[in-house]
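Worksheet for the structure shown next.
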Amino acid sequence: MRPPLNHPDRLFPPDPAVRDIARALYGSIRDLPIISPHGHTDPQWFAGNEKFSDPASLLVIPDHYVLRMLVSQGVPLDDLGVARRDADSAEVDGEAVWRLFAENYHLFRGTPTRLWLDHTFETLFGLDEPLGPASADMYFRRIGDCLGQDDFRPRALYERFGIEVLATTESAVDPLVHHKAIAESGWHGKVVTTYRPDSTADPDHPQFLGDLETLGSLTGCDVTRWQGFLDAHRQRRATFRDHGATATDHGFPSADTADLSPSDCIVLFDKIIAGGADASERALFRAQFLTEMAKMSVEDGMVMQIHPGSVRNHNAAVFERYGSDKGFDIPARTDYVAALRPLLNAVGMEPGLSLIVFTLDETTYGRELAPLAGAYPALKLGPAWWFFDSPDGIKRFREQTTETAGFYNTVGFNDDTRAFPSIPARHDMARRIDCAFLAERVTDHRLREDEAHEIARALTYDLPKAAYRFV
Amino acid sequence: MRPPLNHPDRLFPPDPAVRDIARALYGSIRDLPIISPHGHTDPQWFAGNEKFSDPASLLVIPDHYVLRMLVSQGVPLDDLGVARRDADSAEVDGEAVWRLFAENYHLFRGTPTRLWLDHTFETLFGLDEPLGPASADMYFRRIGDCLGQDDFRPRALYERFGIEVLATTESAVDPLVHHKAIAESGWHGKVVTTYRPDSTADPDHPQFLGDLETLGSLTGCDVTRWQGFLDAHRQRRATFRDHGATATDHGFPSADTADLSPSDCIVLFDKIIAGGADASERALFRAQFLTEMAKMSVEDGMVMQIHPGSVRNHNAAVFERYGSDKGFDIPARTDYVAALRPLLNAVGMEPGLSLIVFTLDETTYGRELAPLAGAYPALKLGPAWWFFDSPDGIKRFREQTTETAGFYNTVGFNDDTRAFPSIPARHDMARRIDCAFLAERVTDHRLREDEAHEIARALTYDLPKAAYRFV
Amino acid sequence: MRPPLNHPDRLFPPDPAVRDIARALYGSIRDLPIISPHGHTDPQWFAGNEKFSDPASLLVIPDHYVLRMLVSQGVPLDDLGVARRDADSAEVDGEAVWRLFAENYHLFRGTPTRLWLDHTFETLFGLDEPLGPASADMYFRRIGDCLGQDDFRPRALYERFGIEVLATTESAVDPLVHHKAIAESGWHGKVVTTYRPDSTADPDHPQFLGDLETLGSLTGCDVTRWQGFLDAHRQRRATFRDHGATATDHGFPSADTADLSPSDCIVLFDKIIAGGADASERALFRAQFLTEMAKMSVEDGMVMQIHPGSVRNHNAAVFERYGSDKGFDIPARTDYVAALRPLLNAVGMEPGLSLIVFTLDETTYGRELAPLAGAYPALKLGPAWWFFDSPDGIKRFREQTTETAGFYNTVGFNDDTRAFPSIPARHDMARRIDCAFLAERVTDHRLREDEAHEIARALTYDLPKAAYRFV
């Protein structure tokens, strides 16, 4: 007899005593609403509420986790329906892409992608046979049929998934029309934006000058001067808050921060605007910008998120041909102790500031981030991120941060995804791994079972809601 | 029914077969005397043998593990009774501090602090109810009552804890009056000092010039000249040995060592004394000093301990207001392979030298320290330190060092603590985790059970006694 | 009753349910032939097929894992029979060396060396009593007796071990006479060479100039000019392929690569040849050489292996007195993300290239290597290497790479050994740990059992055979 596609005890420890406790913990939190405070779903979905198109366009072509694995084993991006930048229009044969994906589905064994997809296949589309060459066409038809139905429209899925709040992420110069439309639609779903100003503050960003100009025209501020530049951001942050934002997000290459004097800021900014800044000055500008954002967060109460350490577009040819987010962003060694010191010396002791830091360098969990978060009132640890948002990755995060930072300096789970259908699967995985972690500590008597129940609920619901100030 | 505050099987693996072996191993070593070769208790306690004051002053205010966690969740240091540097006297309401601590005790869930404290509460003070807001006042009274009794004086506790030898740590210019008093008191307890010359050898230390002058006046050596400086250290080391010291300890920011020619040493030293050395020369001086200390250890047989890699006083405002050791020392990435090479090339093959190295950078366990300790006769691995002196931390230490360095290039446990009442709890934790580690390797047939018993005893008693030369 | 020297369930997880699955998986692959695609056995053994001499000369003196541990505990290399470089001849008392080894055998507790040796002792020599002082002489006699028999000659052992193919490693200027002799002997064993050009391409290599000259005379190319130098390598690669080589191997200190213009290459090469290149230019030359090798691999189909990150001969005195490979090579922090970028941008998307990368810096598994191998079609992850070719090391490799790179971007096991008798023990250990890893993932329902069987076979046989192109 074939085992179920998603076993009810999946990701629980094998020892019967531990597993029983994990089950009990999970049982008490599995149906709590989903708090999704950081992600990259498209607000247009919820504004327009159009049906999703075919299975390949929903589940394969936009998912860089899926693309990268197939490419790594020699499947060309062209064959996967990924549009070339210079193509007039991408003619995609969804069925062929799906079949190619199904033929290579064994490559995902042992990866979280496999677990997310199997969860989606079964719970969303009622499929209980493993995906493979033999079942590819059946899968394609079944998923396609579902997507044609009204209860698979974005808002219906949002409701079915039990989402309480969902944050998207928009550039500082985004007009926010979709969030406006959602608000005006009368729909009760809570889809909020997040302020992401990278492109207006990183001189090395390809859209820097253009987005800076847009920032000026949107705000009426003179963004060619330091003070006007800051005022423009202050204003846009307020606008984002009007569209539900409670947080900002920052994705520079490093976590470097600076705390220059106002006059040094002006000199540096003028040099940046004049285009004469060298690489280290451009890095210093990014560093100073982070501290400015933190100071504004002290003023306006927005949560600040820092996501450093990704070397974007590692392969130049892939980037030139297909653009960003095709699976070629690679983590790099990242420092936090020296990097965050200027910012933390400026505002790290502020009780009103909520600064959430993420990493792609797991060596910093125990050595740097847990010690910092276990000391500074402003600092909290974001959950395991990107490559580490996985069963073993989440487990390592807890194992390497808890003894120094405890549970209450962490902020629950982020799904951080563009793959809307995978949101329940991702939250379910995190809940299971947290419960397994807690069950192990109950079994070896480091925690009482009543404490573990409290913590499980906190990690799932209370902490993310509080940390991101969804009140 | 509430589980016991300290379960007899705590920290043992959940699998019944493994747990049985862990129990048997632990049973055979749990009552061995405590060897405490490295720590920071106050020798005055044992010299004067005065009663400890109230619970907060004993267990909360001086413990940077406790302070940092409370501060990280927004509790001000002022409210915790921590004296400001500029305060005339700290008026502390011990009961209020204790209540604040009790109300926040849930923050320590999952941390070793919680386990150490629960162990202390139950075994020392007979408390078996969990600490929390409801039990805070009862706890305060009970602990206070105990502290008022003679059998809770420092010497009585030393005996009750089953300590065989306890090393404290003193500055090179400490007059050692308390150790003298202990020796002259006729008390049989063995409390020895350790030679810590950092402040006389690190030009960046705030007390450098003053302590250097004291070093000169204590020894009669001309410490403004390189040879006199070395002679002064040689003399103080002998004085420390007269007060029981078997070891030196060194806590510079990095593990860098150097092996300059004598004439280069003189040039460098003169520049340091003249105050004209730049940052890299000051670092080079520290590096050369470590090698000088190692060479003196070859001469006089003192064990040498190196504790690098802590960024002290990360937050300037906390340091200015409250001083050092308030929880704001943060680990940093640390190199050993290149750093120790000059010293190890000079004296690393000396069979008579015992050099014990610690790290706050767990990535170096398997990559650098185990390979070095598994090759050089002089080098031994100190135990998991500070943030990693915890159940998972000690486990990672064994998992990442044993396959390359074995057990016999390690030196047992150090409690490294100022928190005297926690010493039995810390040693007990280390013994349990080592037994759990060994039990796992017996169960998967990597070790025979008789070997595991021998190793458990070695890790607990034989290795620290031999490595620190307590004969 | 004494447990068996090698328990049939060794290295399997303790939980009965998991262990049963591990047993079943292992049972299905334990007898598959050994593919040994990377190692350092001596081809002369298979060419001459002479008997091995005494136990110490076979199992102790040439094994740097054994030497380093004994030295680290104070045993002098002289006493272990290691010849000094300046000695006319090494008079070795094999029996005394063996006894010294046996007396210190407890030092290897918890190390893979102990497991490899116990496996060899029992399966090869029929010894089932633990090695120690009491059994030392019996061991020496028994092993000595065996080595005197014909079925312990190298070719007989090759057959008894179930080896299907064994790769050795030779310098680019090796005359390959032994491989020629093997081929001409009519023996059916498949012993192939591997192209290792380090000494002809690293200006810091002690043999650089001499080996470069030999390269010129072997090929008739003008190796004092860039084009001739490349042609010479192209020609030698072909010659190596004629002796069975399917792969090249590269062991520079770092993984740095470069992709200079042809004219910059000529300028750099001329400077190297003239002896005027500084350290960074010599490093750049090594970096460029790696990219040239990768481009030749695209042309000629040879698999390319990169083994960076070892600081060779950390102790100068040991190197001067005894030479290389005496246990004093120490891993160092290694970067891959920036280092490999030039090479991967040049040829990383080539579907025909097979580039296998190894590391001694475990922090790069999850942060750098798995993300790179999970994106680039050319890149594959070599197995846990050297210090990490051990039960916990192999487990960490799988735990930290699988979620991002899956199983199919890895290449099975390499024994990488000079210790011929340990080859079955090493492969058996890797097979057991892989099965244990898979069994855990079956038990927590991340994999189906039928998938685990397929993967176990792939990791053991299919992947190494395909990755190294043994067809």
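Quick note on naming: the chains in the structure tokens go A, B, ... in the order shown, residues restart at 1 in each chain, and ligands are numbered from 1 in order of appearance.
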Q. Counting only C-alpha atoms, which residues of chain B come no farther than 8 Å from chain A, as a VMD selection string?
A. chain B and resid 3 6 to 7 9 to 15 68 to 69 71 to 74 107 to 112 115 314 to 317 327 to 328 330 to 333 360 to 363 387 390 392
Q | Those in region 180-383 of chain A with helix (DSSP H, G or I) from DSSP, as a ChimeraX atom specification | A | /A:180-185,198-201,208-219,226-242,262-274,279-300,316-322,341-347,363-373
Could the residues in this selection be written to a file with C-alpha atoms, as an mmCIF file, in the first residue's frame?
```cif
data_model
loop_
_atom_site.group_PDB
_atom_site.id
_atom_site.type_symbol
_atom_site.label_atom_id
_atom_site.label_comp_id
_atom_site.auth_asym_id
_atom_site.auth_seq_id
_atom_site.Cartn_x
_atom_site.Cartn_y
_atom_site.Cartn_z
ATOM 1 C CA LYS A 180 -5.961 51.070 -2.771
ATOM 2 C CA ALA A 181 -8.273 48.930 -4.883
ATOM 3 C CA ILE A 182 -8.333 46.176 -2.259
ATOM 4 C CA ALA A 183 -9.213 48.678 0.456
ATOM 5 C CA GLU A 184 -11.967 50.235 -1.636
ATOM 6 C CA SER A 185 -13.384 46.888 -2.698
ATOM 7 C CA ASP A 198 16.350 49.854 -1.853
ATOM 8 C CA SER A 199 16.135 51.120 -5.411
ATOM 9 C CA THR A 200 16.007 54.753 -4.277
ATOM 10 C CA ALA A 201 18.906 54.438 -1.847
ATOM 11 C CA PHE A 208 18.614 54.234 -8.830
ATOM 12 C CA LEU A 209 18.489 57.507 -10.747
ATOM 13 C CA GLY A 210 15.112 56.872 -12.299
ATOM 14 C CA ASP A 211 13.499 55.813 -9.052
ATOM 15 C CA LEU A 212 15.044 58.745 -7.232
ATOM 16 C CA GLU A 213 13.457 61.081 -9.748
ATOM 17 C CA THR A 214 10.108 59.362 -9.322
ATOM 18 C CA LEU A 215 10.489 59.677 -5.565
ATOM 19 C CA GLY A 216 10.900 63.415 -6.028
ATOM 20 C CA SER A 217 7.893 63.783 -8.283
ATOM 21 C CA LEU A 218 5.661 61.604 -6.066
ATOM 22 C CA THR A 219 6.484 63.658 -2.973
ATOM 23 C CA TRP A 226 20.001 65.397 1.624
ATOM 24 C CA GLN A 227 17.210 66.946 3.642
ATOM 25 C CA GLY A 228 14.732 66.701 0.807
ATOM 26 C CA PHE A 229 15.740 63.108 0.223
ATOM 27 C CA LEU A 230 15.019 62.260 3.866
ATOM 28 C CA ASP A 231 11.740 64.189 3.793
ATOM 29 C CA ALA A 232 10.644 62.300 0.712
ATOM 30 C CA HIS A 233 11.214 58.982 2.472
ATOM 31 C CA ARG A 234 9.426 60.223 5.560
ATOM 32 C CA GLN A 235 6.468 61.131 3.406
ATOM 33 C CA ARG A 236 6.398 57.884 1.448
ATOM 34 C CA ARG A 237 6.583 55.886 4.696
ATOM 35 C CA ALA A 238 3.460 57.736 5.841
ATOM 36 C CA THR A 239 1.732 56.925 2.558
ATOM 37 C CA PHE A 240 2.656 53.270 2.914
ATOM 38 C CA ARG A 241 1.278 53.284 6.454
ATOM 39 C CA ASP A 242 -1.959 54.617 4.997
ATOM 40 C CA PRO A 262 24.750 65.581 9.532
ATOM 41 C CA SER A 263 27.408 67.578 7.714
ATOM 42 C CA ASP A 264 29.241 64.442 6.604
ATOM 43 C CA CYS A 265 25.917 63.078 5.371
ATOM 44 C CA ILE A 266 25.418 66.146 3.187
ATOM 45 C CA VAL A 267 28.916 65.918 1.701
ATOM 46 C CA LEU A 268 28.441 62.204 0.993
ATOM 47 C CA PHE A 269 24.970 62.663 -0.497
ATOM 48 C CA ASP A 270 26.143 65.454 -2.792
ATOM 49 C CA LYS A 271 28.911 63.220 -4.063
ATOM 50 C CA ILE A 272 26.456 60.375 -4.668
ATOM 51 C CA ILE A 273 24.093 62.649 -6.591
ATOM 52 C CA ALA A 274 26.948 64.102 -8.613
ATOM 53 C CA ALA A 279 32.566 51.939 -4.385
ATOM 54 C CA SER A 280 33.386 52.484 -0.717
ATOM 55 C CA GLU A 281 31.478 55.760 -0.632
ATOM 56 C CA ARG A 282 28.481 54.128 -2.262
ATOM 57 C CA ALA A 283 28.664 51.397 0.393
ATOM 58 C CA LEU A 284 28.922 54.039 3.097
ATOM 59 C CA PHE A 285 25.840 55.735 1.731
ATOM 60 C CA ARG A 286 23.850 52.514 1.972
ATOM 61 C CA ALA A 287 25.176 52.071 5.506
ATOM 62 C CA GLN A 288 24.109 55.561 6.532
ATOM 63 C CA PHE A 289 20.724 55.108 4.885
ATOM 64 C CA LEU A 290 19.982 52.104 7.102
ATOM 65 C CA THR A 291 20.638 54.164 10.208
ATOM 66 C CA GLU A 292 18.409 56.952 8.878
ATOM 67 C CA MET A 293 15.647 54.429 8.331
ATOM 68 C CA ALA A 294 16.106 53.137 11.888
ATOM 69 C CA LYS A 295 15.838 56.658 13.248
ATOM 70 C CA MET A 296 12.663 57.231 11.259
ATOM 71 C CA SER A 297 11.318 53.978 12.679
ATOM 72 C CA VAL A 298 11.900 55.360 16.163
ATOM 73 C CA GLU A 299 9.805 58.343 15.109
ATOM 74 C CA ASP A 300 6.995 56.647 13.209
ATOM 75 C CA ALA A 316 26.014 37.283 -15.826
ATOM 76 C CA ALA A 317 24.741 35.414 -18.892
ATOM 77 C CA VAL A 318 21.599 34.167 -17.126
ATOM 78 C CA PHE A 319 20.901 37.680 -15.874
ATOM 79 C CA GLU A 320 21.397 39.257 -19.296
ATOM 80 C CA ARG A 321 19.201 36.751 -21.029
ATOM 81 C CA TYR A 322 16.448 36.142 -18.462
ATOM 82 C CA ARG A 341 27.366 48.466 15.706
ATOM 83 C CA PRO A 342 26.893 52.073 14.505
ATOM 84 C CA LEU A 343 23.133 51.646 14.114
ATOM 85 C CA LEU A 344 22.783 49.774 17.412
ATOM 86 C CA ASN A 345 24.853 52.361 19.227
ATOM 87 C CA ALA A 346 22.573 55.041 17.830
ATOM 88 C CA VAL A 347 19.185 53.452 18.478
ATOM 89 C CA THR A 363 27.330 30.639 11.183
ATOM 90 C CA THR A 364 26.071 33.965 12.511
ATOM 91 C CA TYR A 365 23.064 32.470 14.338
ATOM 92 C CA GLY A 366 24.960 31.454 17.452
ATOM 93 C CA ARG A 367 28.044 33.613 17.135
ATOM 94 C CA GLU A 368 26.534 36.985 16.303
ATOM 95 C CA LEU A 369 22.782 37.289 15.983
ATOM 96 C CA ALA A 370 21.614 35.437 19.089
ATOM 97 C CA PRO A 371 24.120 37.289 21.303
ATOM 98 C CA LEU A 372 23.069 40.644 19.797
ATOM 99 C CA ALA A 373 19.343 39.905 19.997
#
```
Taking 6 positions as the minimum chain separation for residues in the same chain, which residues sit within 8 Å of Ile143 (chain A) when counting only C-alpha atoms? Answer as a compact mmCIF listing (two decimals) with C-alpha atoms, in the first residue's frame.
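What follows is the written file result.txt:
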```txt
# COMPACT_ATOMS: atom_id res chain seq x y z
CA ASP A 54 -2.48 27.10 -16.12
CA PRO A 55 -0.52 24.89 -13.68
CA PHE A 125 -6.08 20.02 -5.57
```
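When CA of Ile356 (chain A) is paired with CA of Val311 (chain A), their separation reads 20.5 Å.
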Counting only C-alpha atoms, what are the residues of region 141-240 of chain A within 12 Å of region 34-50 of chain A, and for each of them which pair of atoms is the nearest and at what distance in Å, to one decimal? Sort the table by chain and rising number, as CSV.
```
residue,atom,partner,partner_atom,distance
A:Leu147,CA,A:Glu50,CA,10.3
A:Gly148,CA,A:Glu50,CA,10.2
A:Gln149,CA,A:Glu50,CA,10.7
A:Asp150,CA,A:Glu50,CA,9.1
A:Asp151,CA,A:Asn49,CA,10.7
A:Phe152,CA,A:Glu50,CA,9.5
A:Arg153,CA,A:Asn49,CA,6.0
A:Pro154,CA,A:Asn49,CA,5.5
A:Arg155,CA,A:Phe46,CA,5.9
A:Ala156,CA,A:Asn49,CA,8.7
A:Leu157,CA,A:Phe46,CA,10.0
A:Tyr158,CA,A:Phe46,CA,8.7
A:Glu159,CA,A:Ile34,CA,10.3
A:Arg160,CA,A:Ile34,CA,10.8
A:Phe161,CA,A:Ile34,CA,7.6
A:Gly162,CA,A:Ile34,CA,5.9
A:Ile163,CA,A:Ile34,CA,4.5
A:Glu164,CA,A:Ile34,CA,5.7
A:Val165,CA,A:Ile35,CA,5.4
A:Leu166,CA,A:Ser36,CA,4.7
A:Ala167,CA,A:Pro37,CA,5.0
A:Thr168,CA,A:His40,CA,5.2
A:Thr169,CA,A:His40,CA,5.7
A:Glu170,CA,A:His40,CA,8.5
A:Ser171,CA,A:His40,CA,11.4
A:Asp174,CA,A:Pro43,CA,11.6
A:Pro175,CA,A:Pro43,CA,11.9
A:Leu176,CA,A:Pro43,CA,8.8
A:Val177,CA,A:Gln44,CA,8.6
A:His178,CA,A:Gln44,CA,5.4
A:His179,CA,A:Pro43,CA,6.5
A:Lys180,CA,A:Ala47,CA,8.4
A:Ala181,CA,A:Ala47,CA,5.6
A:Ile182,CA,A:Ala47,CA,4.8
A:Ala183,CA,A:Ala47,CA,8.6
A:Glu184,CA,A:Ala47,CA,9.4
A:Ser185,CA,A:Ala47,CA,7.8
A:Gly186,CA,A:Ala47,CA,10.7
A:Trp187,CA,A:Phe46,CA,9.2
A:His188,CA,A:Phe46,CA,11.0
A:Gly189,CA,A:Phe46,CA,8.7
A:Lys190,CA,A:Phe46,CA,9.9
A:Val191,CA,A:Pro43,CA,7.6
A:Val192,CA,A:Pro43,CA,8.7
A:Thr193,CA,A:Pro43,CA,8.4
A:Thr194,CA,A:His38,CA,8.0
A:Tyr195,CA,A:His38,CA,10.9
A:Arg196,CA,A:His40,CA,11.3
```
(Q) Just to confirm, what's the straight-line distance from CA of Ile306 (chain A) to CA of Pro62 (chain A) in Å (one decimal)? (A) 24.3 Å
**Q.** strand (DSSP E) per DSSP on the backbone: members of region 275-412 of chain A, as a PyMOL selection string
**A.** chain A and resi 303-306+310-311+330-331+355-357+379-381
Would you mind exporting the chosen residues as an mmCIF file, in the first residue's frame, restricted to N, CA and C atoms?
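As a result, result_29.cif now contains:
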```cif
data_model
loop_
_atom_site.group_PDB
_atom_site.id
_atom_site.type_symbol
_atom_site.label_atom_id
_atom_site.label_comp_id
_atom_site.auth_asym_id
_atom_site.auth_seq_id
_atom_site.Cartn_x
_atom_site.Cartn_y
_atom_site.Cartn_z
ATOM 1 N N VAL A 303 8.187 48.900 11.927
ATOM 2 C CA VAL A 303 9.136 47.816 12.139
ATOM 3 C C VAL A 303 10.158 47.841 11.006
ATOM 4 N N MET A 304 11.437 47.609 11.329
ATOM 5 C CA MET A 304 12.486 47.641 10.301
ATOM 6 C C MET A 304 13.054 46.243 10.105
ATOM 7 N N GLN A 305 13.082 45.779 8.856
ATOM 8 C CA GLN A 305 13.633 44.456 8.547
ATOM 9 C C GLN A 305 14.896 44.597 7.691
ATOM 10 N N ILE A 306 15.947 43.864 8.068
ATOM 11 C CA ILE A 306 17.191 43.888 7.293
ATOM 12 C C ILE A 306 17.470 42.478 6.775
ATOM 13 N N SER A 310 23.002 38.481 0.156
ATOM 14 C CA SER A 310 22.796 37.713 -1.072
ATOM 15 C C SER A 310 23.597 38.333 -2.214
ATOM 16 N N VAL A 311 24.410 37.511 -2.863
ATOM 17 C CA VAL A 311 25.098 37.955 -4.083
ATOM 18 C C VAL A 311 24.129 37.709 -5.239
ATOM 19 N N ILE A 330 23.183 33.878 -4.691
ATOM 20 C CA ILE A 330 23.954 32.960 -3.850
ATOM 21 C C ILE A 330 24.326 33.665 -2.536
ATOM 22 N N PRO A 331 24.118 32.999 -1.404
ATOM 23 C CA PRO A 331 24.504 33.602 -0.115
ATOM 24 C C PRO A 331 26.012 33.829 -0.025
ATOM 25 N N LEU A 355 13.582 46.071 15.359
ATOM 26 C CA LEU A 355 14.501 45.835 14.243
ATOM 27 C C LEU A 355 14.670 44.332 14.084
ATOM 28 N N ILE A 356 14.242 43.804 12.936
ATOM 29 C CA ILE A 356 14.261 42.350 12.718
ATOM 30 C C ILE A 356 15.317 42.026 11.676
ATOM 31 N N VAL A 357 16.273 41.182 12.073
ATOM 32 C CA VAL A 357 17.411 40.907 11.197
ATOM 33 C C VAL A 357 17.369 39.458 10.723
ATOM 34 N N LEU A 379 16.488 44.769 19.015
ATOM 35 C CA LEU A 379 16.802 43.756 18.011
ATOM 36 C C LEU A 379 16.045 42.451 18.221
ATOM 37 N N LYS A 380 15.483 41.916 17.121
ATOM 38 C CA LYS A 380 14.840 40.596 17.141
ATOM 39 C C LYS A 380 15.402 39.765 15.984
ATOM 40 N N LEU A 381 15.340 38.447 16.149
ATOM 41 C CA LEU A 381 15.822 37.541 15.103
ATOM 42 C C LEU A 381 14.704 37.166 14.161
#
```
**Q.** Polymer residues at most 12 Å from Asp93 (chain B), only C-alpha atoms, same-chain spacing of 3 or more positions, as a list in words
**A.**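 Answer for this query is Asp54, Pro55, Ala56, Ser57, Ile61, Asp78, Asp79, Leu80, Gly81, Val82, Ala83, Ala90, Ala96, Val97, Trp98, Arg99 and Leu100 of chain B.
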Atoms to include: N, CA and C atoms. Write the selected residues as a compact mmCIF listing (two decimals), in the first residue's frame.
```
# COMPACT_ATOMS: atom_id res chain seq x y z
N ASP B 54 21.37 39.38 50.13
CA ASP B 54 20.03 38.96 49.70
C ASP B 54 20.04 38.23 48.35
N PRO B 55 18.95 37.55 48.02
CA PRO B 55 18.85 36.75 46.78
C PRO B 55 19.16 37.54 45.51
N ALA B 56 18.66 38.76 45.40
CA ALA B 56 18.89 39.53 44.17
C ALA B 56 20.36 39.86 44.01
N SER B 57 21.01 40.26 45.09
CA SER B 57 22.43 40.60 45.01
C SER B 57 23.30 39.39 44.72
N ILE B 61 21.73 40.49 40.15
CA ILE B 61 22.47 41.70 39.78
C ILE B 61 23.86 41.44 39.23
N ASP B 78 18.65 49.96 35.30
CA ASP B 78 18.37 50.67 36.56
C ASP B 78 17.37 49.90 37.43
N ASP B 79 16.34 49.39 36.79
CA ASP B 79 15.31 48.68 37.55
C ASP B 79 15.82 47.36 38.12
N LEU B 80 16.95 46.89 37.57
CA LEU B 80 17.50 45.62 38.03
C LEU B 80 18.54 45.82 39.13
N GLY B 81 18.66 47.05 39.58
CA GLY B 81 19.57 47.29 40.70
C GLY B 81 21.03 47.43 40.29
N VAL B 82 21.27 47.58 38.99
CA VAL B 82 22.66 47.72 38.54
C VAL B 82 23.10 49.16 38.76
N ALA B 83 24.19 49.33 39.49
CA ALA B 83 24.65 50.67 39.85
C ALA B 83 25.20 51.42 38.64
N ALA B 90 24.59 52.62 45.35
CA ALA B 90 23.42 52.02 44.73
C ALA B 90 22.46 51.56 45.82
N ALA B 96 12.22 44.11 45.19
CA ALA B 96 11.61 44.57 43.93
C ALA B 96 12.36 44.00 42.72
N VAL B 97 13.68 43.98 42.83
CA VAL B 97 14.46 43.40 41.73
C VAL B 97 14.09 41.92 41.55
N TRP B 98 13.98 41.23 42.68
CA TRP B 98 13.65 39.81 42.60
C TRP B 98 12.28 39.60 41.95
N ARG B 99 11.32 40.46 42.30
CA ARG B 99 9.99 40.29 41.74
C ARG B 99 9.98 40.53 40.23
N LEU B 100 10.72 41.55 39.82
CA LEU B 100 10.84 41.85 38.39
C LEU B 100 11.45 40.65 37.65
```
Q) Just how far from CA of Pro308 (chain B) is CA of Leu260 (chain B), in Å to one decimal? A)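 So the two atoms, CA of Leu260 (chain B) and CA of Pro308 (chain B), lie 20.9 Å apart.
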Mind checking which residues fall within 10 Å of His64 (chain A), counting only C-alpha atoms, ignoring those fewer than 6 positions away in the same chain, and posting them as a compact mmCIF listing (two decimals) with C-alpha atoms, in the first residue's frame?
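Saved as around.txt:
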```txt
# COMPACT_ATOMS: atom_id res chain seq x y z
CA LEU A 70 15.99 21.84 -12.95
CA SER A 324 16.67 38.57 -11.99
CA ASP A 325 15.21 35.93 -9.67
CA LYS A 326 16.05 32.92 -11.81
CA GLY A 327 17.81 30.98 -9.05
CA PHE A 328 21.27 32.48 -9.37
CA ASP A 329 21.34 34.50 -6.14
CA ARG A 418 5.86 34.69 -4.32
CA ALA A 419 4.30 31.23 -4.52
CA ALA C 375 22.04 26.30 -9.82
```
Q. Any idea what's packed within 7 Å of Met302 (chain C), counting only C-alpha atoms, ignoring anything in its chain fewer than 3 positions away? Could you give it as number ranges by chain?
A. C: 246-248, 297
